[in-house]
>>> print(open('structure-v7.cif').read())   # mmCIF, C-alpha atoms
data_structure
#
loop_
_atom_site.label_atom_id
_atom_site.label_comp_id
_atom_site.auth_asym_id
_atom_site.auth_seq_id
_atom_site.Cartn_x
_atom_site.Cartn_y
_atom_site.Cartn_z
CA MET Z 83 -81.58 27.73 42.11
CA SER Z 84 -83.83 26.35 39.38
CA SER Z 85 -86.16 24.83 42.00
CA GLU Z 86 -86.51 28.21 43.69
CA MET Z 87 -87.37 29.88 40.40
CA PHE Z 88 -90.15 27.44 39.54
CA ALA Z 89 -91.62 27.27 43.06
CA PRO Z 90 -93.63 30.53 42.97
CA ARG Z 91 -95.28 29.65 39.66
CA LEU Z 92 -96.57 26.40 41.07
CA ASN Z 93 -97.90 28.22 44.15
CA LEU Z 94 -99.69 30.82 42.03
CA SER Z 95 -101.58 28.25 40.04
CA VAL Z 96 -102.61 26.46 43.16
CA ALA Z 97 -103.71 29.74 44.75
CA ALA Z 98 -105.80 30.65 41.71
CA ASP Z 99 -107.52 27.30 41.84
CA VAL Z 100 -108.26 27.78 45.50
CA ASP Z 101 -109.73 31.28 44.99
CA LEU Z 102 -111.97 30.19 42.11
CA SER Z 103 -113.39 27.37 44.12
CA VAL Z 104 -114.07 29.55 47.13
CA ALA Z 105 -116.11 32.31 45.32
CA PRO Z 106 -118.15 30.73 42.58
CA SER Z 107 -121.09 32.98 43.25
CA ALA Z 108 -119.43 36.31 42.29
CA GLY Z 109 -121.16 36.23 38.95
CA LEU Z 110 -120.56 35.01 35.48
CA ALA Z 111 -119.91 38.54 34.10
CA THR Z 112 -116.59 38.98 36.05
CA ALA Z 113 -115.32 35.43 35.82
CA GLY Z 114 -113.00 36.08 32.76
CA TYR Z 115 -111.22 39.06 34.33
CA ARG Z 116 -110.56 37.35 37.63
CA SER Z 117 -109.10 34.17 36.09
CA ALA Z 118 -106.33 36.11 34.16
CA LYS Z 119 -104.93 38.00 37.15
CA TYR Z 120 -102.72 37.18 40.16
CA SER Z 121 -103.30 38.16 43.67
CA PRO Z 122 -101.06 40.63 45.57
CA GLY Z 123 -99.63 37.78 47.53
CA GLU Z 124 -98.75 35.98 44.41
CA TRP Z 125 -97.14 39.12 43.05
CA LEU Z 126 -95.10 39.60 46.18
CA THR Z 127 -94.09 35.98 46.16
CA ASN Z 128 -93.11 36.13 42.52
CA ASN Z 129 -91.18 39.39 43.04
CA ALA Z 130 -89.36 37.93 46.01
CA ALA Z 131 -88.52 34.83 44.00
CA THR Z 132 -87.20 36.94 41.12
CA LEU Z 133 -84.98 38.96 43.42
CA GLN Z 134 -83.77 35.84 45.14
CA ARG Z 135 -82.98 34.22 41.80
CA ALA Z 136 -81.09 37.34 40.59
CA LEU Z 137 -79.12 37.45 43.84
CA THR Z 138 -78.30 33.80 43.53
CA ASP Z 139 -77.18 34.28 39.92
CA GLN Z 140 -75.02 37.23 40.98
CA LEU Z 141 -73.36 35.23 43.71
CA ALA Z 142 -72.79 32.34 41.34
CA ALA Z 143 -71.36 34.71 38.73
CA GLN Z 144 -69.06 36.27 41.31
CA ARG Z 145 -67.86 32.83 42.42
CA ILE Z 146 -67.24 31.84 38.80
CA HIS Z 147 -65.46 35.14 38.17
CA HIS Z 148 -63.16 34.71 41.15
CA ALA Z 149 -62.55 31.05 40.23
CA SER Z 150 -61.86 32.02 36.62
CA ARG Z 151 -59.38 34.71 37.66
CA ALA Z 152 -57.66 32.31 40.01
CA LEU Z 153 -57.64 29.60 37.35
CA SER Z 154 -56.35 32.04 34.73
CA ALA Z 155 -53.59 33.22 37.04
CA GLU Z 156 -52.70 29.65 37.92
CA VAL Z 157 -52.77 28.51 34.29
CA GLU Z 158 -50.76 31.57 33.23
CA ALA Z 159 -48.14 30.89 35.89
CA GLY Z 160 -48.04 27.18 35.01
CA THR Z 161 -47.82 27.90 31.30
CA LEU Z 162 -45.09 30.49 31.87
CA SER Z 163 -43.17 28.09 34.13
CA THR Z 164 -43.56 25.25 31.65
CA GLN Z 165 -42.55 27.47 28.75
CA THR Z 166 -39.56 28.81 30.71
CA ARG Z 167 -38.52 25.28 31.63
CA GLY Z 168 -38.94 24.19 27.99
CA THR Z 169 -36.80 27.15 26.87
CA LYS Z 170 -34.12 26.24 29.41
CA LEU Z 171 -34.22 22.62 28.30
CA LEU Z 172 -33.90 23.74 24.70
CA GLY Z 173 -30.85 25.80 25.70
CA ALA Z 174 -29.34 22.83 27.51
CA ARG Z 175 -30.14 20.68 24.51
CA LEU Z 176 -28.44 23.21 22.25
CA GLN Z 177 -25.33 23.00 24.41
CA ASP Z 178 -25.38 19.20 24.29
CA VAL Z 179 -25.89 19.18 20.53
CA HIS Z 180 -23.16 21.81 20.10
CA LEU Z 181 -20.78 19.75 22.25
CA ARG Z 182 -21.49 16.58 20.29
CA ARG Z 183 -21.26 18.47 17.03
CA THR Z 184 -17.87 19.84 18.06
CA GLU Z 185 -16.66 16.34 18.93
CA LEU Z 186 -17.91 15.12 15.57
CA GLU Z 187 -16.09 17.98 13.83
CA ARG Z 188 -12.85 17.05 15.58
CA GLY Z 189 -13.40 13.42 14.64
CA VAL Z 190 -14.05 14.34 11.01
CA GLU Z 191 -10.95 16.56 10.91
CA ARG Z 192 -8.78 13.87 12.45
CA LEU Z 193 -10.10 11.23 10.07
CA ALA Z 194 -9.56 13.56 7.14
CA ALA Z 195 -5.99 14.25 8.27
CA GLU Z 196 -5.29 10.54 8.82
CA THR Z 197 -6.79 9.67 5.46
CA GLU Z 198 -4.67 12.31 3.75
CA LEU Z 199 -1.51 11.00 5.42
CA LEU Z 200 -2.47 7.46 4.49
CA LEU Z 201 -3.10 8.57 0.90
CA GLY Z 202 0.42 9.99 0.83
CA LEU Z 203 1.82 6.67 2.02
CA LYS Z 204 -0.36 4.88 -0.53
CA ARG Z 205 1.22 6.97 -3.28
CA ARG Z 206 4.67 6.20 -1.87
CA LEU Z 207 3.86 2.48 -1.84
CA GLU Z 208 2.72 2.66 -5.45
CA LYS Z 209 5.90 4.51 -6.46
CA ALA Z 210 8.06 2.07 -4.50
CA LEU Z 211 6.29 -0.90 -6.10
CA LEU Z 212 6.78 0.65 -9.53
CA ALA Z 213 10.45 1.38 -8.74
CA THR Z 214 11.11 -2.31 -7.96
CA ASP Z 215 10.47 -3.15 -11.61
CA ILE Z 216 13.81 -1.54 -12.52
CA PRO Z 217 15.94 -3.72 -10.18
CA LEU Z 218 14.02 -6.81 -11.28
CA THR Z 219 14.65 -5.97 -14.94
CA ILE Z 220 18.33 -5.31 -14.26
CA ALA Z 221 18.81 -8.54 -12.30
CA THR Z 222 17.00 -10.73 -14.86
CA ASP Z 223 18.88 -9.01 -17.70
CA ASN Z 224 22.17 -9.68 -15.91
CA LEU Z 225 21.28 -13.35 -15.57
CA CYS Z 226 20.29 -13.59 -19.23
CA CYS Z 227 23.49 -11.83 -20.35
CA ARG Z 228 25.65 -14.12 -18.25
CA GLU Z 229 24.01 -17.12 -19.91
CA ARG Z 230 25.90 -16.07 -23.06
CA ARG Z 231 29.22 -16.96 -21.47
CA PHE Z 232 30.85 -20.02 -23.00
CA GLY Z 233 33.49 -22.56 -22.24
CA PRO Z 234 34.88 -22.94 -18.74
CA ASP Z 235 33.54 -19.51 -17.73
CA LEU Z 236 29.95 -20.73 -17.81
CA VAL Z 237 29.97 -21.44 -14.10
CA LYS Z 238 27.52 -20.89 -11.26
CA ASP Z 239 29.73 -18.45 -9.41
CA GLN Z 240 29.14 -16.10 -6.51
CA VAL Z 241 27.78 -13.44 -8.85
CA GLU Z 242 25.03 -15.72 -10.11
CA GLU Z 243 24.11 -16.78 -6.58
CA GLU Z 244 23.84 -13.15 -5.49
CA LEU Z 245 21.78 -12.30 -8.58
CA LEU Z 246 19.38 -15.15 -7.84
CA LYS Z 247 19.11 -13.92 -4.26
CA GLU Z 248 18.40 -10.43 -5.58
CA VAL Z 249 15.62 -11.66 -7.88
CA GLU Z 250 14.02 -13.63 -5.04
CA LEU Z 251 14.34 -10.65 -2.68
CA ILE Z 252 12.77 -8.27 -5.21
CA ARG Z 253 9.81 -10.59 -5.74
CA ASN Z 254 9.32 -10.95 -1.99
CA VAL Z 255 9.52 -7.19 -1.62
CA GLN Z 256 6.95 -6.71 -4.38
CA ALA Z 257 4.60 -9.18 -2.69
CA LEU Z 258 5.03 -7.38 0.64
CA LEU Z 259 4.47 -3.97 -0.93
CA LYS Z 260 1.34 -5.19 -2.71
CA LYS Z 261 -0.02 -6.65 0.53
CA THR Z 262 0.74 -3.44 2.43
CA LEU Z 263 -0.81 -1.39 -0.39
CA ASP Z 264 -3.99 -3.47 -0.20
CA GLN Z 265 -4.12 -2.89 3.55
CA ALA Z 266 -3.68 0.85 3.02
CA VAL Z 267 -6.46 0.95 0.39
CA ASN Z 268 -8.79 -0.98 2.70
CA GLN Z 269 -7.97 1.30 5.64
CA ILE Z 270 -8.60 4.38 3.50
CA ARG Z 271 -12.00 2.93 2.63
CA LEU Z 272 -12.77 2.30 6.30
CA ASN Z 273 -11.61 5.82 7.21
CA ARG Z 274 -13.86 7.33 4.57
CA GLU Z 275 -16.81 5.24 5.71
CA ALA Z 276 -16.27 6.31 9.33
CA LYS Z 277 -15.83 9.92 8.19
CA GLN Z 278 -19.02 9.75 6.17
CA THR Z 279 -20.88 8.36 9.20
CA LEU Z 280 -19.58 11.22 11.34
CA GLU Z 281 -20.45 13.75 8.65
CA LEU Z 282 -24.00 12.40 8.41
CA ASP Z 283 -24.32 12.51 12.19
CA TRP Z 284 -22.84 16.03 12.20
CA SER Z 285 -25.26 17.09 9.47
CA ASP Z 286 -28.20 15.74 11.44
CA LYS Z 287 -27.02 17.49 14.57
CA HIS Z 288 -26.39 20.70 12.66
CA GLU Z 289 -29.93 20.61 11.32
CA ALA Z 290 -31.28 19.70 14.74
CA TYR Z 291 -29.27 22.55 16.30
CA SER Z 292 -30.69 25.00 13.76
CA LEU Z 293 -34.24 23.78 14.43
CA ASP Z 294 -33.81 23.87 18.23
CA ASP Z 295 -32.19 27.29 18.02
CA HIS Z 296 -35.11 28.49 15.92
CA CYS Z 297 -37.53 26.97 18.40
CA GLY Z 298 -35.70 28.59 21.30
CA ARG Z 299 -36.20 32.01 19.73
CA TYR Z 300 -39.99 31.61 19.70
CA SER Z 301 -41.94 33.65 22.28
CA ASN Z 302 -45.57 34.49 22.90
CA ARG Z 303 -45.07 37.66 20.87
CA SER Z 304 -43.70 35.79 17.86
CA THR Z 305 -45.81 36.33 14.77
CA GLU Z 306 -44.77 33.28 12.74
CA THR Z 307 -46.10 30.68 15.18
CA GLN Z 308 -49.01 28.53 14.07
CA HIS Z 309 -51.26 25.83 15.46
CA HIS Z 310 -50.05 22.29 14.73
CA PRO Z 311 -52.46 19.95 16.50
CA SER Z 312 -50.66 16.76 15.45
CA SER Z 313 -47.22 17.95 16.59
CA ALA Z 314 -47.85 16.88 20.19
CA LYS Z 315 -48.40 13.26 19.24
CA VAL Z 316 -45.54 10.89 20.10
CA HIS Z 317 -44.02 9.48 16.96
CA ASP Z 318 -42.93 5.87 16.74
CA GLN Z 319 -39.52 6.73 15.38
CA LEU Z 320 -38.50 8.87 18.33
CA CYS Z 321 -35.59 7.53 20.38
CA ASP Z 322 -34.72 8.26 23.97
CA GLU Z 323 -31.82 10.46 25.03
CA GLY Z 324 -29.70 7.47 26.04
CA ALA Z 325 -29.95 5.96 22.56
CA TRP Z 326 -29.12 9.38 21.10
CA LEU Z 327 -25.98 9.65 23.22
CA LYS Z 328 -24.99 6.07 22.54
CA PHE Z 329 -25.39 6.51 18.78
CA THR Z 330 -22.90 9.38 18.68
CA GLU Z 331 -20.56 7.68 21.14
CA VAL Z 332 -20.53 4.53 19.02
CA ASN Z 333 -19.77 6.60 15.91
CA LEU Z 334 -16.98 8.48 17.70
CA ALA Z 335 -15.58 5.25 19.14
CA GLU Z 336 -15.55 3.66 15.69
CA ALA Z 337 -13.86 6.73 14.25
CA GLU Z 338 -11.27 6.67 17.04
CA ARG Z 339 -10.64 2.97 16.41
CA GLN Z 340 -10.14 3.59 12.71
CA CYS Z 341 -7.77 6.47 13.51
CA GLU Z 342 -5.70 4.20 15.75
CA CYS Z 343 -5.66 1.51 13.06
CA SER Z 344 -4.63 4.16 10.53
CA VAL Z 345 -1.78 5.36 12.77
CA SER Z 346 -0.56 1.78 13.26
CA LEU Z 347 -0.80 1.10 9.54
CA ARG Z 348 1.13 4.28 8.72
CA SER Z 349 3.88 3.19 11.07
CA LEU Z 350 3.90 -0.22 9.40
CA CYS Z 351 4.05 1.34 5.93
CA GLU Z 352 6.95 3.58 6.93
CA ARG Z 353 8.83 0.62 8.35
CA VAL Z 354 8.10 -1.56 5.31
CA LEU Z 355 9.25 1.15 2.89
CA GLN Z 356 12.44 1.82 4.85
CA GLU Z 357 13.38 -1.82 5.43
CA THR Z 358 12.62 -2.97 1.88
CA ALA Z 359 14.64 -0.10 0.41
CA GLU Z 360 17.57 -0.87 2.72
CA ASP Z 361 17.39 -4.61 1.96
CA LEU Z 362 17.32 -4.00 -1.80
CA GLN Z 363 20.20 -1.54 -1.58
CA ALA Z 364 22.25 -3.92 0.58
CA GLN Z 365 21.67 -6.80 -1.84
CA SER Z 366 22.57 -4.54 -4.75
CA ALA Z 367 25.82 -3.65 -3.01
CA ALA Z 368 26.51 -7.36 -2.48
CA VAL Z 369 25.90 -8.05 -6.18
CA ASP Z 370 28.14 -5.15 -7.21
CA GLN Z 371 30.87 -6.41 -4.88
CA SER Z 372 30.59 -9.90 -6.39
CA PHE Z 373 30.80 -8.43 -9.88
CA SER Z 374 33.87 -6.40 -8.98
CA GLN Z 375 35.55 -9.43 -7.43
CA ARG Z 376 34.67 -11.58 -10.41
CA CYS Z 377 35.95 -8.99 -12.89
CA LEU Z 378 39.19 -8.76 -10.89
CA GLU Z 379 39.58 -12.53 -11.02
CA LEU Z 380 38.85 -12.57 -14.74
CA SER Z 381 41.33 -9.76 -15.39
CA GLN Z 382 44.04 -11.52 -13.42
CA ALA Z 383 43.33 -14.80 -15.18
CA LYS Z 384 43.37 -13.07 -18.55
CA ARG Z 385 46.71 -11.40 -17.79
CA GLN Z 386 48.19 -14.72 -16.75
CA LEU Z 387 46.89 -16.37 -19.89
CA GLU Z 388 48.24 -13.58 -22.06
CA LEU Z 389 51.61 -13.83 -20.36
CA GLN Z 390 51.58 -17.56 -20.86
CA LEU Z 391 50.57 -17.09 -24.48
CA SER Z 392 53.45 -14.73 -25.10
CA GLN Z 393 55.80 -17.30 -23.61
CA VAL Z 394 54.27 -20.05 -25.73
CA LEU Z 395 54.55 -17.93 -28.85
CA GLU Z 396 58.16 -17.27 -28.05
CA LEU Z 397 58.77 -20.98 -27.52
CA ILE Z 398 56.99 -21.74 -30.78
CA GLY Z 399 59.39 -19.44 -32.57
CA VAL Z 400 62.34 -21.03 -30.82
CA GLN Z 401 61.07 -24.48 -31.62
CA GLU Z 402 60.47 -23.63 -35.25
CA ARG Z 403 64.01 -22.34 -35.53
CA ASN Z 404 65.22 -25.49 -33.75
CA ILE Z 405 63.36 -27.67 -36.23
CA SER Z 406 64.88 -25.74 -39.11
CA SER Z 407 68.35 -26.19 -37.66
CA LEU Z 408 67.71 -29.91 -37.09
CA GLN Z 409 66.47 -30.31 -40.62
CA GLN Z 410 69.57 -28.51 -41.87
CA ALA Z 411 71.76 -30.73 -39.71
CA VAL Z 412 70.08 -33.84 -41.11
CA TYR Z 413 70.49 -32.48 -44.58
CA ASP Z 414 74.12 -31.69 -43.87
CA LYS Z 415 74.72 -35.30 -42.81
CA GLU Z 416 73.46 -36.73 -46.09
CA ALA Z 417 76.48 -35.62 -48.13
CA PRO Z 418 79.08 -37.20 -45.78
CA LEU Z 419 76.91 -40.30 -45.60
CA ARG Z 420 76.81 -40.49 -49.41
CA VAL Z 421 80.56 -40.04 -49.58
CA ALA Z 422 81.25 -42.77 -47.04
CA GLN Z 423 78.70 -45.13 -48.58
CA SER Z 424 80.09 -44.44 -52.07
CA ARG Z 425 83.60 -45.19 -50.85
CA LEU Z 426 82.49 -48.44 -49.34
CA HIS Z 427 80.58 -49.30 -52.44
CA TYR Z 428 83.53 -48.76 -54.77
CA ARG Z 429 86.04 -50.34 -52.41
CA ALA Z 430 83.81 -53.39 -52.28
CA GLN Z 431 84.64 -53.84 -55.96
CA ARG Z 432 88.34 -54.47 -55.25
CA PRO Z 433 89.50 -57.78 -56.74
CA ASN Z 434 90.63 -60.93 -54.95
CA MET Z 435 92.89 -60.36 -52.04
CA GLU Z 436 92.67 -56.61 -52.36
CA LEU Z 437 89.24 -56.86 -50.90
CA CYS Z 438 90.53 -56.88 -47.37
CA ARG Z 439 89.34 -55.38 -44.12
CA ASP Z 440 91.96 -52.74 -43.86
CA GLN Z 441 92.00 -49.61 -41.78
CA PRO Z 442 90.26 -47.44 -44.36
CA GLN Z 443 87.57 -50.07 -44.61
CA ILE Z 444 87.15 -50.16 -40.86
CA SER Z 445 87.19 -46.35 -40.74
CA LEU Z 446 84.61 -46.09 -43.48
CA LEU Z 447 82.35 -48.61 -41.75
CA SER Z 448 82.74 -46.71 -38.50
CA GLU Z 449 82.09 -43.45 -40.31
CA VAL Z 450 78.92 -44.77 -41.96
CA GLU Z 451 77.71 -46.14 -38.65
CA GLU Z 452 78.51 -42.90 -36.88
CA ILE Z 453 76.83 -40.76 -39.50
CA SER Z 454 73.78 -43.05 -39.58
CA SER Z 455 73.56 -42.99 -35.82
CA SER Z 456 73.88 -39.20 -35.81
CA MET Z 457 71.18 -38.88 -38.40
CA SER Z 458 68.99 -41.25 -36.39
CA PHE Z 459 69.49 -39.10 -33.30
CA LEU Z 460 68.81 -35.98 -35.32
CA GLN Z 461 65.66 -37.50 -36.81
CA GLN Z 462 64.47 -38.51 -33.35
CA GLN Z 463 65.23 -35.05 -32.03
CA LEU Z 464 63.50 -33.56 -35.02
CA SER Z 465 60.43 -35.72 -34.33
CA GLU Z 466 60.44 -34.66 -30.72
CA ALA Z 467 60.83 -31.03 -31.74
CA ARG Z 468 57.92 -31.33 -34.14
CA GLY Z 469 55.81 -33.00 -31.41
CA SER Z 470 56.73 -30.23 -29.02
CA LEU Z 471 55.83 -27.66 -31.65
CA ALA Z 472 52.46 -29.35 -32.14
CA GLN Z 473 51.88 -29.30 -28.42
CA LEU Z 474 52.86 -25.66 -28.29
CA GLU Z 475 50.46 -24.92 -31.10
CA ASP Z 476 47.72 -26.74 -29.20
CA SER Z 477 48.61 -24.75 -26.10
CA ARG Z 478 48.52 -21.58 -28.17
CA LEU Z 479 45.06 -22.42 -29.49
CA MET Z 480 43.88 -23.37 -26.03
CA LEU Z 481 45.28 -20.17 -24.53
CA GLU Z 482 43.84 -18.02 -27.29
CA LYS Z 483 40.45 -19.67 -26.85
CA ASP Z 484 40.60 -19.23 -23.09
CA ILE Z 485 41.68 -15.62 -23.50
CA SER Z 486 38.78 -15.06 -25.89
CA CYS Z 487 36.48 -16.68 -23.32
CA LYS Z 488 37.82 -14.43 -20.56
CA THR Z 489 37.51 -11.39 -22.82
CA GLN Z 490 33.87 -12.27 -23.55
CA SER Z 491 33.17 -12.86 -19.85
CA LEU Z 492 34.78 -9.54 -18.95
CA PHE Z 493 32.76 -7.78 -21.62
CA ILE Z 494 29.55 -9.30 -20.28
CA ASP Z 495 30.24 -8.69 -16.61
CA ARG Z 496 32.04 -5.36 -16.72
CA ASP Z 497 30.89 -3.61 -19.87
CA LYS Z 498 27.28 -4.82 -19.95
CA CYS Z 499 26.10 -6.01 -16.54
CA MET Z 500 27.95 -3.55 -14.32
CA LYS Z 501 27.21 -0.69 -16.67
CA HIS Z 502 23.54 -1.66 -16.67
CA ARG Z 503 23.56 -1.76 -12.87
CA THR Z 504 24.48 1.92 -12.73
CA ARG Z 505 20.78 2.55 -13.47
CA TYR Z 506 19.81 0.90 -10.18
CA PRO Z 507 17.33 3.17 -8.32
CA THR Z 508 18.42 5.03 -5.21
CA VAL Z 509 17.16 4.44 -1.68
CA LEU Z 510 14.88 7.46 -1.98
CA MET Z 511 13.26 6.09 -5.12
CA LEU Z 512 12.86 2.67 -3.51
CA SER Z 513 11.28 4.42 -0.48
CA GLY Z 514 8.59 5.91 -2.72
CA TYR Z 515 9.91 9.48 -2.98
#
>>> encode(input="structure-v7.cif", output="structure tokens")
Amino acid sequence: MSSEMFAPRLNLSVAADVDLSVAPSAGLATAGYRSAKYSPGEWLTNNAATLQRALTDQLAAQRIHHASRALSAEVEAGTLSTQTRGTKLLGARLQDVHLRRTELERGVERLAAETELLLGLKRRLEKALLATDIPLTIATDNLCCRERRFGPDLVKDQVEEELLKEVELIRNVQALLKKTLDQAVNQIRLNREAKQTLELDWSDKHEAYSLDDHCGRYSNRSTETQHHPSSAKVHDQLCDEGAWLKFTEVNLAEAERQCECSVSLRSLCERVLQETAEDLQAQSAAVDQSFSQRCLELSQAKRQLELQLSQVLELIGVQERNISSLQQAVYDKEAPLRVAQSRLHYRAQRPNMELCRDQPQISLLSEVEEISSSMSFLQQQLSEARGSLAQLEDSRLMLEKDISCKTQSLFIDRDKCMKHRTRYPTVLMLSGY
């Protein structure tokens, strides 16, 4: 079109040059007027070129107009389709985010419930561990009290063996409770960490849901939209949808794993609390039974000793009276012995043939021998009686000492140890309630 517009001008200049060269003799006076004007042919040619150029411009404008309308319609339809598809994708994304957010909420609620249950068991474990201090104090106090027994009662009997078993059992139970308590504290920490991870993920998804919901409400008639040229650029920190799904799935899987571990640990804690309480109560019953049996044995032994002591005291009285009677008998023999010996002494002073071994002499000799022999027997019997009395006195002292020992042992076992054991905690207290 530009070549057609410039073509007539070139032809006019050439035509003017041709005309000037053809008629040089027209005169110098009209030469200026003729050089500034075009010929009718040139005018017609120029007019035709102008019309042709206008027509060409009109056709080109019409083509551009039709193309622009078609392009506008096509772009409008494409933009509307793209916007509609984007809105639908935003809606689908909102559903996905809402679904994941709901799963995260359930995970957070379950972790919170599990953590609360585990905290309750932690408190029970702490109470149970604290409650074991009472049985340990009672058992060690019983052992210390029984060390104050003396004499033959200071024996390593069944009671002491059961008390030593009880002390060992309590220490083992305390170690087990401490270990279980540490596991519970660690699991609570893991539950809280998993819960915090879910809460952070939920918070991000909640914010993303709010933003996507706000974006989904935008339309072409919205007044608060603005141009953000840099928003279309792909950021380096963007992740794909697979990584987004996997991130939440990993968090939910970790939360589920911690919930399962928490459930298993709660079952273990319940079993530990129940079994340790039952074991402690069973051992306490065994110790109480041993104490009762031992007190019964001591009471029976004490009654036997007291009965024996009463018999010994009675025999001591009998023996003392026997010794008195023997002493009186010996004393009673001295006068007849003096009489017989005096008779012999004076009869030995008879003169000459009068000093004969007559019947009175023989009778007196026999009498002195008989009385001396009787006194010797009495003295021997008196010595034996005194020895028996000394032995009875020793037996009395021994019995009294043994009775005192049994009384002290009974006081320690029955009045101190068994009375102290009435403060033994119940099964509920040992279970942490």
>>> atom_distance(input="structure-v7.cif", atom1="atom CA of Z:Gln490", atom2="atom CA of Z:Phe232")
8.3 Å
>>> resolve_selection(input="structure-v7.cif", expression="the PyMOL selection byres ((chain Z and resi 193) around 12)", output="mmCIF file with C-alpha atoms, in the coordinates of the input")
data_model
loop_
_atom_site.group_PDB
_atom_site.id
_atom_site.type_symbol
_atom_site.label_atom_id
_atom_site.label_comp_id
_atom_site.auth_asym_id
_atom_site.auth_seq_id
_atom_site.Cartn_x
_atom_site.Cartn_y
_atom_site.Cartn_z
ATOM 1 C CA LEU Z 186 -17.910 15.120 15.570
ATOM 2 C CA GLU Z 187 -16.090 17.980 13.830
ATOM 3 C CA ARG Z 188 -12.850 17.050 15.580
ATOM 4 C CA GLY Z 189 -13.400 13.420 14.640
ATOM 5 C CA VAL Z 190 -14.050 14.340 11.010
ATOM 6 C CA GLU Z 191 -10.950 16.560 10.910
ATOM 7 C CA ARG Z 192 -8.780 13.870 12.450
ATOM 8 C CA ALA Z 194 -9.560 13.560 7.140
ATOM 9 C CA ALA Z 195 -5.990 14.250 8.270
ATOM 10 C CA GLU Z 196 -5.290 10.540 8.820
ATOM 11 C CA THR Z 197 -6.790 9.670 5.460
ATOM 12 C CA GLU Z 198 -4.670 12.310 3.750
ATOM 13 C CA LEU Z 199 -1.510 11.000 5.420
ATOM 14 C CA LEU Z 200 -2.470 7.460 4.490
ATOM 15 C CA LEU Z 201 -3.100 8.570 0.900
ATOM 16 C CA GLN Z 269 -7.970 1.300 5.640
ATOM 17 C CA ILE Z 270 -8.600 4.380 3.500
ATOM 18 C CA ARG Z 271 -12.000 2.930 2.630
ATOM 19 C CA LEU Z 272 -12.770 2.300 6.300
ATOM 20 C CA ASN Z 273 -11.610 5.820 7.210
ATOM 21 C CA ARG Z 274 -13.860 7.330 4.570
ATOM 22 C CA GLU Z 275 -16.810 5.240 5.710
ATOM 23 C CA ALA Z 276 -16.270 6.310 9.330
ATOM 24 C CA LYS Z 277 -15.830 9.920 8.190
ATOM 25 C CA GLN Z 278 -19.020 9.750 6.170
ATOM 26 C CA THR Z 279 -20.880 8.360 9.200
ATOM 27 C CA LEU Z 280 -19.580 11.220 11.340
ATOM 28 C CA GLU Z 281 -20.450 13.750 8.650
ATOM 29 C CA LEU Z 334 -16.980 8.480 17.700
ATOM 30 C CA GLU Z 336 -15.550 3.660 15.690
ATOM 31 C CA ALA Z 337 -13.860 6.730 14.250
ATOM 32 C CA GLU Z 338 -11.270 6.670 17.040
ATOM 33 C CA ARG Z 339 -10.640 2.970 16.410
ATOM 34 C CA GLN Z 340 -10.140 3.590 12.710
ATOM 35 C CA CYS Z 341 -7.770 6.470 13.510
ATOM 36 C CA GLU Z 342 -5.700 4.200 15.750
ATOM 37 C CA CYS Z 343 -5.660 1.510 13.060
ATOM 38 C CA SER Z 344 -4.630 4.160 10.530
ATOM 39 C CA VAL Z 345 -1.780 5.360 12.770
#
>>> residues_around(input="structure-v7.cif", residues="Z:Val255", least_positions_apart="3", cutoff="9 Å", atoms="only C-alpha atoms", output="count of residues only")
11
>>> residues_around(input="structure-v7.cif", residues="Z:His180", least_positions_apart="2", cutoff="10 Å", atoms="only C-alpha atoms", output="PyMOL selection string")
chain Z and resi 174-178+182-186+284+287-288+290-291
>>> residues_around(input="structure-v7.cif", residues="Z:Leu510", least_positions_apart="4", cutoff="12 Å", atoms="only C-alpha atoms", output="list in words")
Arg206, Lys209, Ala210, Ala213, Leu355, Gln356, Glu357, Thr358, Ala359, Glu360, Leu362, Gln363, Tyr506, Gly514 and Tyr515 of chain Z
>>> closest_residue(input="structure-v7.cif", among="Z:Leu246, Z:Leu263, Z:Leu471, Z:Val369", to="Z:Gly202", atoms="only C-alpha atoms")
Z:Leu263
>>> atom_distance(input="structure-v7.cif", atom1="atom CA of Z:Ala130", atom2="atom CA of Z:His147")
25.3 Å
>>> residues_around(input="structure-v7.cif", residues="Z:Gln240", least_positions_apart="3", cutoff="8 Å", atoms="all atoms listed in the file", output="PyMOL selection string")
chain Z and resi 243-244+372
>>> axis_aligned_box(input="structure-v7.cif", around="stretch 287-303 of chain Z", padding_each_side="4 Å", output="AutoDock Vina command-line options")
--center_x -36.0 --center_y 27.6 --center_z 17.1 --size_x 27.2 --size_y 28.2 --size_z 19.6
>>> closest_residue(input="structure-v7.cif", among="Z:Cys438, Z:Gln423, Z:Leu460, Z:Ser445", to="Z:Ser406", atoms="all atoms listed in the file")
Z:Leu460
>>> residues_around(input="structure-v7.cif", residues="stretch 319-324 of chain Z", least_positions_apart="4", cutoff="12 Å", atoms="all atoms listed in the file", output="list in words")
Arg175, Asp178, Val179, Lys315, Lys328, Phe329, Thr330, Glu331 and Val332 of chain Z
>>> closest_atom_pairs(input="structure-v7.cif", of="stretch 241-285 of chain Z", to="stretch 218-229 of chain Z", cutoff="9 Å", atoms="only C-alpha atoms", output="tab-separated table")
residue	atom	partner	partner_atom	distance
Z:Glu242	CA	Z:Leu225	CA	7.0
Z:Leu245	CA	Z:Ala221	CA	6.1
Z:Leu246	CA	Z:Ala221	CA	8.0
Z:Glu248	CA	Z:Ala221	CA	7.0
Z:Val249	CA	Z:Leu218	CA	6.1
Z:Ile252	CA	Z:Leu218	CA	6.4
Z:Arg253	CA	Z:Leu218	CA	7.9
>>> write_last_selection(input="structure-v7.cif", atoms="C-alpha atoms", output="CSV table (one decimal), in the frame of the given file")
chain,number,residue,atom,x,y,z
Z,242,GLU,CA,25.0,-15.7,-10.1
Z,245,LEU,CA,21.8,-12.3,-8.6
Z,246,LEU,CA,19.4,-15.2,-7.8
Z,248,GLU,CA,18.4,-10.4,-5.6
Z,249,VAL,CA,15.6,-11.7,-7.9
Z,252,ILE,CA,12.8,-8.3,-5.2
Z,253,ARG,CA,9.8,-10.6,-5.7
